[in-house]
file coords-v8.pdb (PDB, C-alpha atoms)
ATOM      1  CA  MET A   1      -2.334   3.184 -13.224
ATOM      2  CA  LEU A   2      -0.484   5.344 -10.726
ATOM      3  CA  GLU A   3       2.884   4.033 -11.912
ATOM      4  CA  ARG A   4       2.477   6.379 -14.910
ATOM      5  CA  PHE A   5       2.815   9.376 -12.594
ATOM      6  CA  LYS A   6       5.582   7.954 -10.415
ATOM      7  CA  GLY A   7       8.377   9.444 -12.526
ATOM      8  CA  PHE A   8       6.852  12.927 -12.367
ATOM      9  CA  TRP A   9       6.543  12.877  -8.577
ATOM     10  CA  GLN A  10      10.017  11.433  -8.033
ATOM     11  CA  GLY A  11      11.812  13.460 -10.646
ATOM     12  CA  VAL A  12      10.101  16.834 -10.241
ATOM     13  CA  VAL A  13       7.842  17.389  -7.237
ATOM     14  CA  LEU A  14       9.827  15.511  -4.595
ATOM     15  CA  MET A  15      13.314  16.037  -6.000
ATOM     16  CA  PRO A  16      14.133  19.002  -3.688
ATOM     17  CA  PHE A  17      13.475  16.773  -0.672
ATOM     18  CA  VAL A  18      15.554  13.983  -2.185
ATOM     19  CA  ARG A  19      18.557  16.266  -2.687
ATOM     20  CA  LEU A  20      18.147  17.879   0.743
ATOM     21  CA  PHE A  21      18.080  14.548   2.558
ATOM     22  CA  LEU A  22      21.134  13.351   0.638
ATOM     23  CA  ARG A  23      23.059  16.519   1.520
ATOM     24  CA  LEU A  24      22.170  15.991   5.176
ATOM     25  CA  GLY A  25      23.537  12.466   5.009
ATOM     26  CA  ILE A  26      20.192  10.795   5.702
ATOM     27  CA  SER A  27      20.012   7.222   4.459
ATOM     28  CA  PRO A  28      17.135   5.945   2.286
ATOM     29  CA  ASP A  29      16.440   3.210   4.851
ATOM     30  CA  ALA A  30      15.959   5.843   7.561
ATOM     31  CA  VAL A  31      13.460   7.701   5.360
ATOM     32  CA  THR A  32      11.582   4.443   4.819
ATOM     33  CA  LEU A  33      11.409   3.824   8.563
ATOM     34  CA  VAL A  34      10.267   7.345   9.453
ATOM     35  CA  GLY A  35       7.661   7.282   6.686
ATOM     36  CA  THR A  36       6.241   3.989   7.919
ATOM     37  CA  LEU A  37       6.130   5.199  11.520
ATOM     38  CA  GLY A  38       4.317   8.356  10.388
ATOM     39  CA  VAL A  39       1.761   6.395   8.377
ATOM     40  CA  ALA A  40       1.162   3.994  11.274
ATOM     41  CA  ALA A  41       0.830   6.865  13.768
ATOM     42  CA  GLY A  42      -1.603   8.755  11.543
ATOM     43  CA  ALA A  43      -3.801   5.692  11.129
ATOM     44  CA  LEU A  44      -3.650   4.183  14.613
ATOM     45  CA  ILE A  45      -3.839   7.412  16.603
ATOM     46  CA  PHE A  46      -6.395   9.463  14.682
ATOM     47  CA  PHE A  47      -8.690   6.921  12.992
ATOM     48  CA  PRO A  48      -9.757   5.206  16.256
ATOM     49  CA  GLN A  49     -10.710   8.630  17.655
ATOM     50  CA  GLY A  50     -12.927   9.369  14.665
ATOM     51  CA  MET A  51     -10.521  12.028  13.355
ATOM     52  CA  LEU A  52     -10.550  10.617   9.833
ATOM     53  CA  LEU A  53      -9.532  13.731   7.917
ATOM     54  CA  THR A  54      -6.610  14.454  10.255
ATOM     55  CA  GLY A  55      -5.496  10.854   9.945
ATOM     56  CA  VAL A  56      -5.681  10.951   6.144
ATOM     57  CA  LEU A  57      -3.646  14.169   5.986
ATOM     58  CA  VAL A  58      -0.945  12.798   8.289
ATOM     59  CA  ILE A  59      -0.782   9.517   6.375
ATOM     60  CA  THR A  60      -0.602  11.333   3.035
ATOM     61  CA  ALA A  61       2.255  13.510   4.252
ATOM     62  CA  PHE A  62       4.316  10.480   5.226
ATOM     63  CA  VAL A  63       3.321   8.108   2.452
ATOM     64  CA  PHE A  64       5.357  10.130  -0.049
ATOM     65  CA  SER A  65       8.465   8.774   1.670
ATOM     66  CA  ASP A  66       7.843   5.655  -0.397
ATOM     67  CA  LEU A  67       8.786   7.672  -3.477
ATOM     68  CA  VAL A  68      11.569   9.669  -1.826
ATOM     69  CA  ASP A  69      13.586   6.732  -0.466
ATOM     70  CA  GLY A  70      13.741   4.909  -3.787
ATOM     71  CA  GLN A  71      14.932   7.995  -5.644
ATOM     72  CA  MET A  72      17.502   8.672  -2.909
ATOM     73  CA  ALA A  73      18.870   5.152  -3.238
ATOM     74  CA  ARG A  74      19.217   5.462  -7.007
ATOM     75  CA  LEU A  75      20.867   8.895  -6.966
ATOM     76  CA  SER A  76      23.315   7.927  -4.229
ATOM     77  CA  GLY A  77      24.090   4.530  -5.726
ATOM     78  CA  ARG A  78      22.979   2.853  -2.501
ATOM     79  CA  THR A  79      20.451   0.438  -3.963
ATOM     80  CA  SER A  80      20.720  -2.970  -2.353
ATOM     81  CA  LYS A  81      18.826  -6.198  -1.857
ATOM     82  CA  PHE A  82      18.359  -5.361   1.809
ATOM     83  CA  GLY A  83      16.947  -1.951   0.889
ATOM     84  CA  ALA A  84      14.371  -3.604  -1.367
ATOM     85  CA  PHE A  85      13.511  -6.102   1.378
ATOM     86  CA  TRP A  86      13.309  -3.351   4.010
ATOM     87  CA  ASP A  87      11.054  -1.188   1.841
ATOM     88  CA  SER A  88       8.713  -4.046   0.973
ATOM     89  CA  THR A  89       8.472  -5.252   4.556
ATOM     90  CA  LEU A  90       7.664  -1.811   5.958
ATOM     91  CA  ASP A  91       5.108  -1.252   3.191
ATOM     92  CA  ARG A  92       3.159  -4.191   4.606
ATOM     93  CA  ILE A  93       3.270  -2.630   8.071
ATOM     94  CA  GLY A  94       2.009   0.693   6.728
ATOM     95  CA  ASP A  95      -0.818  -0.926   4.775
ATOM     96  CA  GLY A  96      -1.842  -2.979   7.776
ATOM     97  CA  ALA A  97      -1.869   0.118   9.978
ATOM     98  CA  VAL A  98      -4.143   2.045   7.589
ATOM     99  CA  PHE A  99      -6.789  -0.674   7.424
ATOM    100  CA  GLY A 100      -6.214  -1.624  11.051
ATOM    101  CA  GLY A 101      -6.990   1.973  11.961
ATOM    102  CA  LEU A 102     -10.267   1.676  10.070
ATOM    103  CA  VAL A 103     -11.039  -1.552  11.925
ATOM    104  CA  LEU A 104     -10.603   0.322  15.215
ATOM    105  CA  TYR A 105     -12.686   3.219  13.906
ATOM    106  CA  PHE A 106     -15.618   0.948  13.031
ATOM    107  CA  ALA A 107     -15.215  -0.809  16.379
ATOM    108  CA  GLY A 108     -15.422   2.575  18.139
ATOM    109  CA  PRO A 109     -16.871   5.883  16.923
ATOM    110  CA  GLY A 110     -17.822   4.465  13.511
ATOM    111  CA  ASP A 111     -19.804   1.681  15.238
ATOM    112  CA  ASN A 112     -20.444  -0.521  12.217
ATOM    113  CA  TYR A 113     -19.809  -4.252  12.527
ATOM    114  CA  LEU A 114     -20.210  -4.972   8.810
ATOM    115  CA  TYR A 115     -17.535  -2.489   7.776
ATOM    116  CA  LEU A 116     -15.317  -3.520  10.666
ATOM    117  CA  CYS A 117     -15.344  -7.015   9.153
ATOM    118  CA  LEU A 118     -14.844  -5.642   5.650
ATOM    119  CA  SER A 119     -11.851  -3.552   6.781
ATOM    120  CA  LEU A 120     -10.386  -6.618   8.465
ATOM    121  CA  TYR A 121     -10.936  -8.600   5.270
ATOM    122  CA  CYS A 122      -9.008  -5.942   3.330
ATOM    123  CA  VAL A 123      -6.149  -6.197   5.839
ATOM    124  CA  VAL A 124      -5.899  -9.956   5.342
ATOM    125  CA  MET A 125      -6.357  -9.999   1.573
ATOM    126  CA  GLY A 126      -3.918  -7.135   1.080
ATOM    127  CA  ALA A 127      -1.301  -9.185   2.925
ATOM    128  CA  VAL A 128      -2.165 -12.311   0.929
ATOM    129  CA  THR A 129      -1.854 -10.358  -2.324
ATOM    130  CA  SER A 130       1.703  -9.366  -1.470
ATOM    131  CA  TYR A 131       2.591 -12.777  -0.048
ATOM    132  CA  ALA A 132       1.370 -14.575  -3.176
ATOM    133  CA  ARG A 133       3.758 -12.592  -5.343
ATOM    134  CA  ALA A 134       6.694 -12.917  -2.933
ATOM    135  CA  ARG A 135       6.215 -16.674  -2.523
ATOM    136  CA  ALA A 136       5.867 -17.211  -6.264
ATOM    137  CA  GLU A 137       9.081 -15.301  -6.933
ATOM    138  CA  SER A 138      10.898 -17.333  -4.279
ATOM    139  CA  LEU A 139       9.915 -20.438  -6.298
ATOM    140  CA  GLY A 140      11.151 -18.896  -9.534
ATOM    141  CA  MET A 141       7.714 -18.007 -10.904
ATOM    142  CA  ASP A 142       5.973 -14.748 -11.746
ATOM    143  CA  ALA A 143       2.820 -13.606  -9.933
ATOM    144  CA  ARG A 144       2.762  -9.945 -10.909
ATOM    145  CA  GLY A 145      -0.434  -8.285 -12.060
ATOM    146  CA  GLY A 146      -4.020  -8.124 -10.931
ATOM    147  CA  VAL A 147      -6.808  -5.600 -10.633
ATOM    148  CA  ALA A 148      -5.136  -3.105  -8.308
ATOM    149  CA  GLU A 149      -1.558  -2.625  -7.190
ATOM    150  CA  ARG A 150      -0.597  -1.332  -3.735
ATOM    151  CA  ALA A 151      -0.505   2.350  -4.732
ATOM    152  CA  ASP A 152      -3.965   2.186  -6.283
ATOM    153  CA  ARG A 153      -5.423   0.527  -3.190
ATOM    154  CA  LEU A 154      -3.845   3.039  -0.839
ATOM    155  CA  VAL A 155      -4.879   6.093  -2.842
ATOM    156  CA  LEU A 156      -8.455   4.856  -3.206
ATOM    157  CA  ILE A 157      -9.025   4.323   0.518
ATOM    158  CA  LEU A 158      -7.307   7.581   1.511
ATOM    159  CA  VAL A 159      -9.147   9.717  -1.045
ATOM    160  CA  ALA A 160     -12.516   8.128  -0.245
ATOM    161  CA  THR A 161     -12.018   8.438   3.510
ATOM    162  CA  GLY A 162     -10.758  12.009   3.235
ATOM    163  CA  LEU A 163     -13.588  13.183   0.991
ATOM    164  CA  GLY A 164     -16.112  11.353   3.135
ATOM    165  CA  ALA A 165     -14.828  13.180   6.205
ATOM    166  CA  ILE A 166     -14.859  16.577   4.455
ATOM    167  CA  PHE A 167     -18.402  16.293   3.098
ATOM    168  CA  GLY A 168     -19.854  14.152   5.888
ATOM    169  CA  LEU A 169     -20.525  11.289   3.476
ATOM    170  CA  GLU A 170     -19.217   8.155   5.117
ATOM    171  CA  TRP A 171     -20.577   6.005   2.312
ATOM    172  CA  PHE A 172     -17.526   7.085   0.284
ATOM    173  CA  THR A 173     -15.448   4.904   2.604
ATOM    174  CA  TYR A 174     -18.026   2.123   2.442
ATOM    175  CA  VAL A 175     -17.917   2.031  -1.349
ATOM    176  CA  ALA A 176     -14.105   2.122  -1.364
ATOM    177  CA  LEU A 177     -13.942  -0.836   1.030
ATOM    178  CA  TRP A 178     -16.293  -2.899  -1.144
ATOM    179  CA  ILE A 179     -14.251  -2.057  -4.243
ATOM    180  CA  LEU A 180     -11.040  -2.995  -2.476
ATOM    181  CA  ALA A 181     -12.489  -6.224  -1.128
ATOM    182  CA  VAL A 182     -13.477  -7.275  -4.642
ATOM    183  CA  ALA A 183     -10.214  -6.023  -6.180
ATOM    184  CA  ASN A 184      -8.051  -7.797  -3.600
ATOM    185  CA  THR A 185      -9.977 -11.042  -4.041
ATOM    186  CA  ALA A 186      -9.756 -10.828  -7.824
ATOM    187  CA  THR A 187      -6.025 -10.112  -7.618
ATOM    188  CA  VAL A 188      -5.357 -13.085  -5.335
ATOM    189  CA  VAL A 189      -7.362 -15.388  -7.606
ATOM    190  CA  PHE A 190      -5.559 -14.025 -10.667
ATOM    191  CA  ARG A 191      -2.142 -14.615  -9.105
ATOM    192  CA  ILE A 192      -3.032 -18.122  -7.921
ATOM    193  CA  ARG A 193      -4.214 -19.081 -11.396
ATOM    194  CA  LYS A 194      -1.142 -17.519 -13.004
ATOM    195  CA  VAL A 195       1.223 -19.428 -10.720
ATOM    196  CA  HIS A 196      -0.815 -22.613 -11.147
ATOM    197  CA  ARG A 197      -0.342 -22.491 -14.924
ATOM    198  CA  GLN A 198       3.405 -21.988 -14.529
ATOM    199  CA  ALA A 199       3.670 -24.751 -11.925
ATOM    200  CA  VAL A 200       1.731 -27.238 -14.044
ATOM    201  CA  ALA A 201       3.916 -26.453 -17.058
ATOM    202  CA  ALA A 202       7.099 -26.807 -14.999
ATOM    203  CA  ASP A 203       5.980 -30.097 -13.417
ATOM    204  CA  ALA A 204       4.873 -31.500 -16.784
ATOM    205  CA  GLY A 205       8.166 -30.611 -18.471
ATOM    206  CA  PRO A 206      10.412 -33.371 -17.052
ATOM    207  CA  ALA A 207       7.642 -35.977 -17.371
ATOM    208  CA  THR A 208       7.164 -35.096 -21.015
ATOM    209  CA  VAL A 209      10.874 -35.428 -21.678
TER     210      VAL A 209
END
call {"tool": "encode", "arguments": {"input": "coords-v8.pdb", "output": "structure tokens"}}
result
Amino acid sequence: MLERFKGFWQGVVLMPFVRLFLRLGISPDAVTLVGTLGVAAGALIFFPQGMLLTGVLVITAFVFSDLVDGQMARLSGRTSKFGAFWDSTLDRIGDGAVFGGLVLYFAGPGDNYLYLCLSLYCVVMGAVTSYARARAESLGMDARGGVAERADRLVLILVATGLGAIFGLEWFTYVALWILAVANTATVVFRIRKVHRQAVAADAGPATV
């Protein structure tokens, strides 16, 4: 869903930053690294202290680097296979930090074992969702699709956590975690079934011939 708005953010809202960074000679890979470090710091420093709103604001400020670096690479003609690998790898670190921060929050000031486990489940299933696609593509198959892509998952948990902190309604975060747990599970199942159909067809091909 959020992919529909990606062009607007990259081409209009964030374009001044893109051009500024290029003029300063900053590389897209450096922007990716700084953005990931900022996201991880916002989640792992503030969430465990119970400072959810501060953490969400810091994460949000840095998460836009994911749009800036790609646009920088395209405008400068510096797109590369390593850049794609670097971006994807650091995305996993950022995602893990966000949900890992929630795990630490529920282990500390949030004091809720159920949602600690649910946050941990989202960490694992988010990683499996990405791994399933990467592994399928390495085998020459397609595993794209599912209920929620990375951007949707990230926006949902940040918006719910931020609003919950503003209005003192922690159940916003609870609901978001349940939605994400179901969405991640459904996405993994969808991708497994999709790859299974392709694998069965590929394995049956030579035998049929």
call {"tool": "residues_around", "arguments": {"input": "coords-v8.pdb", "residues": "Leu154 of chain A", "least_positions_apart": "6", "cutoff": "10 Å", "atoms": "only C-alpha atoms", "output": "list of chain:residue names"}}
result
A:Thr60, A:Val63, A:Gly94, A:Asp95, A:Val98, A:Phe99, A:Ala148, A:Leu180
call {"tool": "residues_around", "arguments": {"input": "coords-v8.pdb", "residues": "Ala97 of chain A", "least_positions_apart": "6", "cutoff": "12 Å", "atoms": "all atoms listed in the file", "output": "list in words"}}
result
Thr36, Leu37, Gly38, Val39, Ala40, Ala41, Gly42, Ala43, Leu44, Ile45, Phe46, Phe47, Pro48, Gly55, Ile59, Leu90, Asp91, Val103, Leu104, Tyr105, Ser119, Leu120, Cys122, Val123, Val124, Gly126, Ala127 and Leu154 of chain A
call {"tool": "residues_around", "arguments": {"input": "coords-v8.pdb", "residues": "Phe82 of chain A", "least_positions_apart": "5", "cutoff": "10 Å", "atoms": "all atoms listed in the file", "output": "list of chain:residue names"}}
result
A:Asp29, A:Asp87, A:Ser88
call {"tool": "resolve_selection", "arguments": {"input": "coords-v8.pdb", "expression": "the PyMOL selection byres ((chain A and resi 65) around 10)", "output": "ChimeraX atom specification"}}
result
/A:14,17-18,28,30-36,38-39,60-64,66-71
call {"tool": "write_last_selection", "arguments": {"input": "coords-v8.pdb", "atoms": "C-alpha atoms", "output": "PDB file, in the coordinates of the input"}}
result
ATOM      1  CA  LEU A  14       9.827  15.511  -4.595  1.00  0.00           C
ATOM      2  CA  PHE A  17      13.475  16.773  -0.672  1.00  0.00           C
ATOM      3  CA  VAL A  18      15.554  13.983  -2.185  1.00  0.00           C
ATOM      4  CA  PRO A  28      17.135   5.945   2.286  1.00  0.00           C
ATOM      5  CA  ALA A  30      15.959   5.843   7.561  1.00  0.00           C
ATOM      6  CA  VAL A  31      13.460   7.701   5.360  1.00  0.00           C
ATOM      7  CA  THR A  32      11.582   4.443   4.819  1.00  0.00           C
ATOM      8  CA  LEU A  33      11.409   3.824   8.563  1.00  0.00           C
ATOM      9  CA  VAL A  34      10.267   7.345   9.453  1.00  0.00           C
ATOM     10  CA  GLY A  35       7.661   7.282   6.686  1.00  0.00           C
ATOM     11  CA  THR A  36       6.241   3.989   7.919  1.00  0.00           C
ATOM     12  CA  GLY A  38       4.317   8.356  10.388  1.00  0.00           C
ATOM     13  CA  VAL A  39       1.761   6.395   8.377  1.00  0.00           C
ATOM     14  CA  THR A  60      -0.602  11.333   3.035  1.00  0.00           C
ATOM     15  CA  ALA A  61       2.255  13.510   4.252  1.00  0.00           C
ATOM     16  CA  PHE A  62       4.316  10.480   5.226  1.00  0.00           C
ATOM     17  CA  VAL A  63       3.321   8.108   2.452  1.00  0.00           C
ATOM     18  CA  PHE A  64       5.357  10.130  -0.049  1.00  0.00           C
ATOM     19  CA  ASP A  66       7.843   5.655  -0.397  1.00  0.00           C
ATOM     20  CA  LEU A  67       8.786   7.672  -3.477  1.00  0.00           C
ATOM     21  CA  VAL A  68      11.569   9.669  -1.826  1.00  0.00           C
ATOM     22  CA  ASP A  69      13.586   6.732  -0.466  1.00  0.00           C
ATOM     23  CA  GLY A  70      13.741   4.909  -3.787  1.00  0.00           C
ATOM     24  CA  GLN A  71      14.932   7.995  -5.644  1.00  0.00           C
TER      25      GLN A  71
END
call {"tool": "resolve_selection", "arguments": {"input": "coords-v8.pdb", "expression": "the PyMOL selection byres ((chain A and resi 158) around 9)", "output": "list of chain:residue names"}}
result
A:Val56, A:Leu57, A:Ile59, A:Thr60, A:Val98, A:Arg153, A:Leu154, A:Val155, A:Leu156, A:Ile157, A:Val159, A:Ala160, A:Thr161, A:Gly162, A:Leu163, A:Thr173
call {"tool": "atom_distance", "arguments": {"input": "coords-v8.pdb", "atom1": "atom CA of Ala84 of chain A", "atom2": "atom CA of Ser130 of chain A"}}
result
13.9 Å
call {"tool": "closest_residue", "arguments": {"input": "coords-v8.pdb", "among": "A:Thr54, A:Met72, A:Ile192, A:Ala204", "to": "Asp142 of chain A", "atoms": "all atoms listed in the file"}}
result
A:Ile192
call {"tool": "atom_distance", "arguments": {"input": "coords-v8.pdb", "atom1": "atom CA of Leu22 of chain A", "atom2": "atom CA of Thr89 of chain A"}}
result
22.8 Å
call {"tool": "closest_residue", "arguments": {"input": "coords-v8.pdb", "among": "A:Leu116, A:Ala176, A:Met125, A:Ala143", "to": "Gly164 of chain A", "atoms": "only C-alpha atoms"}}
result
A:Ala176
call {"tool": "atom_distance", "arguments": {"input": "coords-v8.pdb", "atom1": "atom CA of Trp178 of chain A", "atom2": "atom CA of Arg144 of chain A"}}
result
22.5 Å
call {"tool": "closest_residue", "arguments": {"input": "coords-v8.pdb", "among": "A:Gln49, A:Arg135, A:Leu20, A:Ala73", "to": "Ala107 of chain A", "atoms": "only C-alpha atoms"}}
result
A:Gln49
call {"tool": "closest_residue", "arguments": {"input": "coords-v8.pdb", "among": "A:Leu53, A:Val182, A:Pro16, A:Phe21", "to": "Gly168 of chain A", "atoms": "all atoms listed in the file"}}
result
A:Leu53
call {"tool": "closest_residue", "arguments": {"input": "coords-v8.pdb", "among": "A:Tyr174, A:Arg197, A:Asp203, A:Ser138", "to": "Asn112 of chain A", "atoms": "all atoms listed in the file"}}
result
A:Tyr174
call {"tool": "closest_residue", "arguments": {"input": "coords-v8.pdb", "among": "A:Ser76, A:Ala201, A:Phe190, A:Ala181", "to": "Tyr115 of chain A", "atoms": "only C-alpha atoms"}}
result
A:Ala181
call {"tool": "decode", "arguments": {"input": "coords-v8.pdb", "residues": "segment 133-144 of chain A", "atoms": "all heavy atoms", "output": "JSON list (two decimals), in the first residue's frame"}}
result
[["chain", "number", "residue", "atom", "x", "y", "z"],
["A", 133, "ARG", "N", 11.90, -14.90, 0.93],
["A", 133, "ARG", "CA", 12.00, -14.29, -0.39],
["A", 133, "ARG", "C", 13.42, -14.36, -0.94],
["A", 133, "ARG", "O", 13.63, -14.70, -2.11],
["A", 133, "ARG", "CB", 11.54, -12.83, -0.32],
["A", 133, "ARG", "CG", 11.70, -12.09, -1.64],
["A", 133, "ARG", "CD", 11.14, -10.69, -1.58],
["A", 133, "ARG", "NE", 11.46, -9.94, -2.78],
["A", 133, "ARG", "CZ", 11.04, -8.70, -3.04],
["A", 133, "ARG", "NH1", 10.27, -8.09, -2.16],
["A", 133, "ARG", "NH2", 11.38, -8.09, -4.15],
["A", 134, "ALA", "N", 14.40, -14.02, -0.09],
["A", 134, "ALA", "CA", 15.80, -14.03, -0.53],
["A", 134, "ALA", "C", 16.23, -15.43, -0.95],
["A", 134, "ALA", "O", 16.90, -15.62, -1.98],
["A", 134, "ALA", "CB", 16.70, -13.50, 0.57],
["A", 135, "ARG", "N", 15.87, -16.43, -0.16],
["A", 135, "ARG", "CA", 16.26, -17.81, -0.47],
["A", 135, "ARG", "C", 15.59, -18.29, -1.75],
["A", 135, "ARG", "O", 16.20, -18.97, -2.58],
["A", 135, "ARG", "CB", 15.91, -18.72, 0.70],
["A", 135, "ARG", "CG", 16.31, -20.18, 0.50],
["A", 135, "ARG", "CD", 17.79, -20.32, 0.24],
["A", 135, "ARG", "NE", 18.18, -21.72, 0.15],
["A", 135, "ARG", "CZ", 19.24, -22.15, -0.51],
["A", 135, "ARG", "NH1", 20.02, -21.28, -1.15],
["A", 135, "ARG", "NH2", 19.54, -23.42, -0.54],
["A", 136, "ALA", "N", 14.32, -17.95, -1.91],
["A", 136, "ALA", "CA", 13.60, -18.35, -3.13],
["A", 136, "ALA", "C", 14.26, -17.75, -4.36],
["A", 136, "ALA", "O", 14.46, -18.43, -5.38],
["A", 136, "ALA", "CB", 12.15, -17.92, -3.04],
["A", 137, "GLU", "N", 14.61, -16.47, -4.28],
["A", 137, "GLU", "CA", 15.24, -15.81, -5.42],
["A", 137, "GLU", "C", 16.62, -16.39, -5.73],
["A", 137, "GLU", "O", 17.03, -16.46, -6.89],
["A", 137, "GLU", "CB", 15.32, -14.30, -5.16],
["A", 137, "GLU", "CG", 13.95, -13.63, -5.16],
["A", 137, "GLU", "CD", 14.00, -12.16, -4.80],
["A", 137, "GLU", "OE1", 15.06, -11.69, -4.33],
["A", 137, "GLU", "OE2", 12.97, -11.47, -4.99],
["A", 138, "SER", "N", 17.32, -16.84, -4.68],
["A", 138, "SER", "CA", 18.63, -17.46, -4.91],
["A", 138, "SER", "C", 18.49, -18.80, -5.64],
["A", 138, "SER", "O", 19.43, -19.27, -6.28],
["A", 138, "SER", "CB", 19.37, -17.68, -3.59],
["A", 138, "SER", "OG", 18.80, -18.75, -2.85],
["A", 139, "LEU", "N", 17.30, -19.41, -5.56],
["A", 139, "LEU", "CA", 17.02, -20.67, -6.25],
["A", 139, "LEU", "C", 16.32, -20.45, -7.58],
["A", 139, "LEU", "O", 15.88, -21.40, -8.23],
["A", 139, "LEU", "CB", 16.15, -21.57, -5.36],
["A", 139, "LEU", "CG", 16.80, -22.02, -4.03],
["A", 139, "LEU", "CD1", 15.78, -22.72, -3.15],
["A", 139, "LEU", "CD2", 17.99, -22.93, -4.31],
["A", 140, "GLY", "N", 16.18, -19.18, -7.96],
["A", 140, "GLY", "CA", 15.56, -18.86, -9.24],
["A", 140, "GLY", "C", 14.04, -18.86, -9.21],
["A", 140, "GLY", "O", 13.40, -18.99, -10.25],
["A", 141, "MET", "N", 13.45, -18.70, -8.03],
["A", 141, "MET", "CA", 12.00, -18.68, -7.91],
["A", 141, "MET", "C", 11.54, -17.35, -7.32],
["A", 141, "MET", "O", 12.35, -16.57, -6.80],
["A", 141, "MET", "CB", 11.52, -19.86, -7.05],
["A", 141, "MET", "CG", 11.71, -21.20, -7.73],
["A", 141, "MET", "SD", 11.16, -22.61, -6.72],
["A", 141, "MET", "CE", 12.57, -22.76, -5.61],
["A", 142, "ASP", "N", 10.25, -17.11, -7.40],
["A", 142, "ASP", "CA", 9.69, -15.84, -6.93],
["A", 142, "ASP", "C", 8.87, -16.07, -5.67],
["A", 142, "ASP", "O", 7.99, -16.94, -5.64],
["A", 142, "ASP", "CB", 8.79, -15.24, -8.03],
["A", 142, "ASP", "CG", 8.07, -13.99, -7.54],
["A", 142, "ASP", "OD1", 8.70, -13.17, -6.85],
["A", 142, "ASP", "OD2", 6.87, -13.85, -7.86],
["A", 143, "ALA", "N", 9.17, -15.29, -4.61],
["A", 143, "ALA", "CA", 8.41, -15.40, -3.36],
["A", 143, "ALA", "C", 7.87, -14.05, -2.92],
["A", 143, "ALA", "O", 7.63, -13.83, -1.73],
["A", 143, "ALA", "CB", 9.28, -16.02, -2.27],
["A", 144, "ARG", "N", 7.71, -13.13, -3.88],
["A", 144, "ARG", "CA", 7.19, -11.82, -3.51],
["A", 144, "ARG", "C", 5.71, -11.90, -3.17],
["A", 144, "ARG", "O", 5.01, -12.79, -3.61],
["A", 144, "ARG", "CB", 7.40, -10.83, -4.65],
["A", 144, "ARG", "CG", 8.84, -10.42, -4.85],
["A", 144, "ARG", "CD", 9.01, -9.55, -6.08],
["A", 144, "ARG", "NE", 8.73, -10.30, -7.31],
["A", 144, "ARG", "CZ", 8.83, -9.79, -8.52],
["A", 144, "ARG", "NH1", 9.16, -8.53, -8.69],
["A", 144, "ARG", "NH2", 8.58, -10.55, -9.58]]
